[in-house]
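For reference, the structure discussed in these notes is given below.
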Amino acid sequence: MLVLWYEPEDFAVILAERKGYWLLKTAYLLQGHRKKTFAMERDEYWRTRNG
């Protein structure tokens with residue numbers, strides 16, 4: 001799975017990997033608490049990945 005977040009427009013796209021291509025799973029506008037949660041999850045991911 002690949003998550004793309006275009007922060008200037010608060011828009012997220014989720015892609016699922018298939019054999020030889022990527023499939024759009026969902027896309028949505030991030031608003032309110034979901035935007036904060038998205039940011040916290042991203043920051044935590046990079047913190048754990050980079051040690």
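Within each chain, counting starts at residue 1; across the structure tokens, chains are named A, B, ... in the order shown, with ligands numbered 1 upward in that order.
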
If we count only C-alpha atoms and set the cut-off at 10 Å, which residues sit around segment 36-41 of chain A, ignoring sequence neighbours fewer than 6 positions away in its own chain? Please answer as a short mmCIF file (atom, residue, chain, number, x, y, z; two decimals) with N, CA and C atoms, in the first residue's frame.
```cif
data_model
loop_
_atom_site.label_atom_id
_atom_site.label_comp_id
_atom_site.auth_asym_id
_atom_site.auth_seq_id
_atom_site.Cartn_x
_atom_site.Cartn_y
_atom_site.Cartn_z
N TRP A 5 0.06 12.06 0.37
CA TRP A 5 -0.65 13.16 1.03
C TRP A 5 -0.16 14.47 0.44
N GLU A 7 -0.22 17.85 1.13
CA GLU A 7 -0.54 18.68 2.29
C GLU A 7 -1.11 20.07 1.97
N ALA A 12 -5.58 13.20 0.45
CA ALA A 12 -4.84 11.94 0.55
C ALA A 12 -5.35 10.95 -0.49
N LEU A 30 -8.70 15.55 3.85
CA LEU A 30 -8.42 15.45 5.29
C LEU A 30 -8.90 16.71 5.99
N ARG A 47 9.74 8.54 12.63
CA ARG A 47 10.57 8.45 13.84
C ARG A 47 11.07 7.03 14.07
#
```

Extract, using only C-alpha atoms, all DNA, RNA and protein residues at most 12 Å from segment 15-29 of chain A, discarding same-chain residues fewer than 2 positions from it, and format them as a ChimeraX atom specification. /A:1-13,31-35,38

Please extract the residues of segment 14-47 of chain A with a backbone DSSP assignment of helix (DSSP H, G or I) and present them as a list in words.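 The residues of segment 14-47 of chain A classed as helix (DSSP H, G or I) are Gly32, His33, Arg34, Lys35, Lys36, Thr37, Phe38, Ala39, Met40, Glu41, Arg42, Asp43, Glu44, Tyr45, Trp46 and Arg47 of chain A.
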
Got a sec to tell me which of chain A DSSP assigns to strand (DSSP E or B), as a PyMOL selection string? chain A and resi 2-6+11-18+21-29

Keeping only N, CA and C atoms, write the selected residues as an mmCIF file, in the first residue's frame.
```cif
data_model
loop_
_atom_site.group_PDB
_atom_site.id
_atom_site.type_symbol
_atom_site.label_atom_id
_atom_site.label_comp_id
_atom_site.auth_asym_id
_atom_site.auth_seq_id
_atom_site.Cartn_x
_atom_site.Cartn_y
_atom_site.Cartn_z
ATOM 1 N N LEU A 2 0.443 2.253 -0.694
ATOM 2 C CA LEU A 2 1.159 3.511 -0.789
ATOM 3 C C LEU A 2 0.192 4.633 -0.439
ATOM 4 N N VAL A 3 0.617 5.501 0.474
ATOM 5 C CA VAL A 3 -0.201 6.639 0.888
ATOM 6 C C VAL A 3 0.467 7.910 0.389
ATOM 7 N N LEU A 4 -0.262 8.697 -0.354
ATOM 8 C CA LEU A 4 0.220 9.988 -0.841
ATOM 9 C C LEU A 4 -0.621 11.076 -0.192
ATOM 10 N N TRP A 5 0.060 12.065 0.372
ATOM 11 C CA TRP A 5 -0.649 13.163 1.029
ATOM 12 C C TRP A 5 -0.160 14.467 0.435
ATOM 13 N N TYR A 6 -1.046 15.167 -0.247
ATOM 14 C CA TYR A 6 -0.724 16.484 -0.784
ATOM 15 C C TYR A 6 -1.151 17.507 0.260
ATOM 16 N N PHE A 11 -5.245 16.666 0.878
ATOM 17 C CA PHE A 11 -5.848 15.591 0.098
ATOM 18 C C PHE A 11 -4.975 14.347 0.160
ATOM 19 N N ALA A 12 -5.578 13.200 0.447
ATOM 20 C CA ALA A 12 -4.843 11.940 0.545
ATOM 21 C C ALA A 12 -5.347 10.952 -0.490
ATOM 22 N N VAL A 13 -4.407 10.172 -1.028
ATOM 23 C CA VAL A 13 -4.712 9.126 -1.987
ATOM 24 C C VAL A 13 -4.064 7.841 -1.482
ATOM 25 N N ILE A 14 -4.813 6.756 -1.486
ATOM 26 C CA ILE A 14 -4.308 5.459 -1.061
ATOM 27 C C ILE A 14 -4.286 4.541 -2.286
ATOM 28 N N LEU A 15 -3.099 3.994 -2.567
ATOM 29 C CA LEU A 15 -2.933 3.095 -3.701
ATOM 30 C C LEU A 15 -2.585 1.698 -3.206
ATOM 31 N N ALA A 16 -3.110 0.687 -3.878
ATOM 32 C CA ALA A 16 -2.809 -0.707 -3.546
ATOM 33 C C ALA A 16 -1.958 -1.289 -4.679
ATOM 34 N N GLU A 17 -0.879 -1.968 -4.307
ATOM 35 C CA GLU A 17 0.012 -2.546 -5.306
ATOM 36 C C GLU A 17 -0.563 -3.862 -5.836
ATOM 37 N N ARG A 18 -0.567 -3.987 -7.133
ATOM 38 C CA ARG A 18 -0.990 -5.211 -7.799
ATOM 39 C C ARG A 18 0.185 -5.692 -8.662
ATOM 40 N N TYR A 21 1.109 -3.085 -11.573
ATOM 41 C CA TYR A 21 0.439 -1.786 -11.595
ATOM 42 C C TYR A 21 -0.037 -1.407 -10.184
ATOM 43 N N TRP A 22 -0.464 -0.158 -10.044
ATOM 44 C CA TRP A 22 -1.024 0.349 -8.792
ATOM 45 C C TRP A 22 -2.496 0.641 -9.011
ATOM 46 N N LEU A 23 -3.306 0.290 -8.037
ATOM 47 C CA LEU A 23 -4.753 0.460 -8.117
ATOM 48 C C LEU A 23 -5.204 1.502 -7.088
ATOM 49 N N LEU A 24 -6.020 2.453 -7.510
ATOM 50 C CA LEU A 24 -6.572 3.441 -6.590
ATOM 51 C C LEU A 24 -7.531 2.735 -5.630
ATOM 52 N N LYS A 25 -7.215 2.813 -4.348
ATOM 53 C CA LYS A 25 -8.072 2.196 -3.336
ATOM 54 C C LYS A 25 -9.092 3.213 -2.820
ATOM 55 N N THR A 26 -8.616 4.412 -2.480
ATOM 56 C CA THR A 26 -9.499 5.485 -2.024
ATOM 57 C C THR A 26 -8.752 6.812 -2.087
ATOM 58 N N ALA A 27 -9.515 7.891 -2.012
ATOM 59 C CA ALA A 27 -8.959 9.238 -1.959
ATOM 60 C C ALA A 27 -9.939 10.098 -1.173
ATOM 61 N N TYR A 28 -9.399 10.988 -0.364
ATOM 62 C CA TYR A 28 -10.309 11.828 0.412
ATOM 63 C C TYR A 28 -9.639 13.097 0.916
ATOM 64 N N LEU A 29 -10.459 14.045 1.285
ATOM 65 C CA LEU A 29 -10.033 15.311 1.853
ATOM 66 C C LEU A 29 -9.843 15.128 3.354
#
```
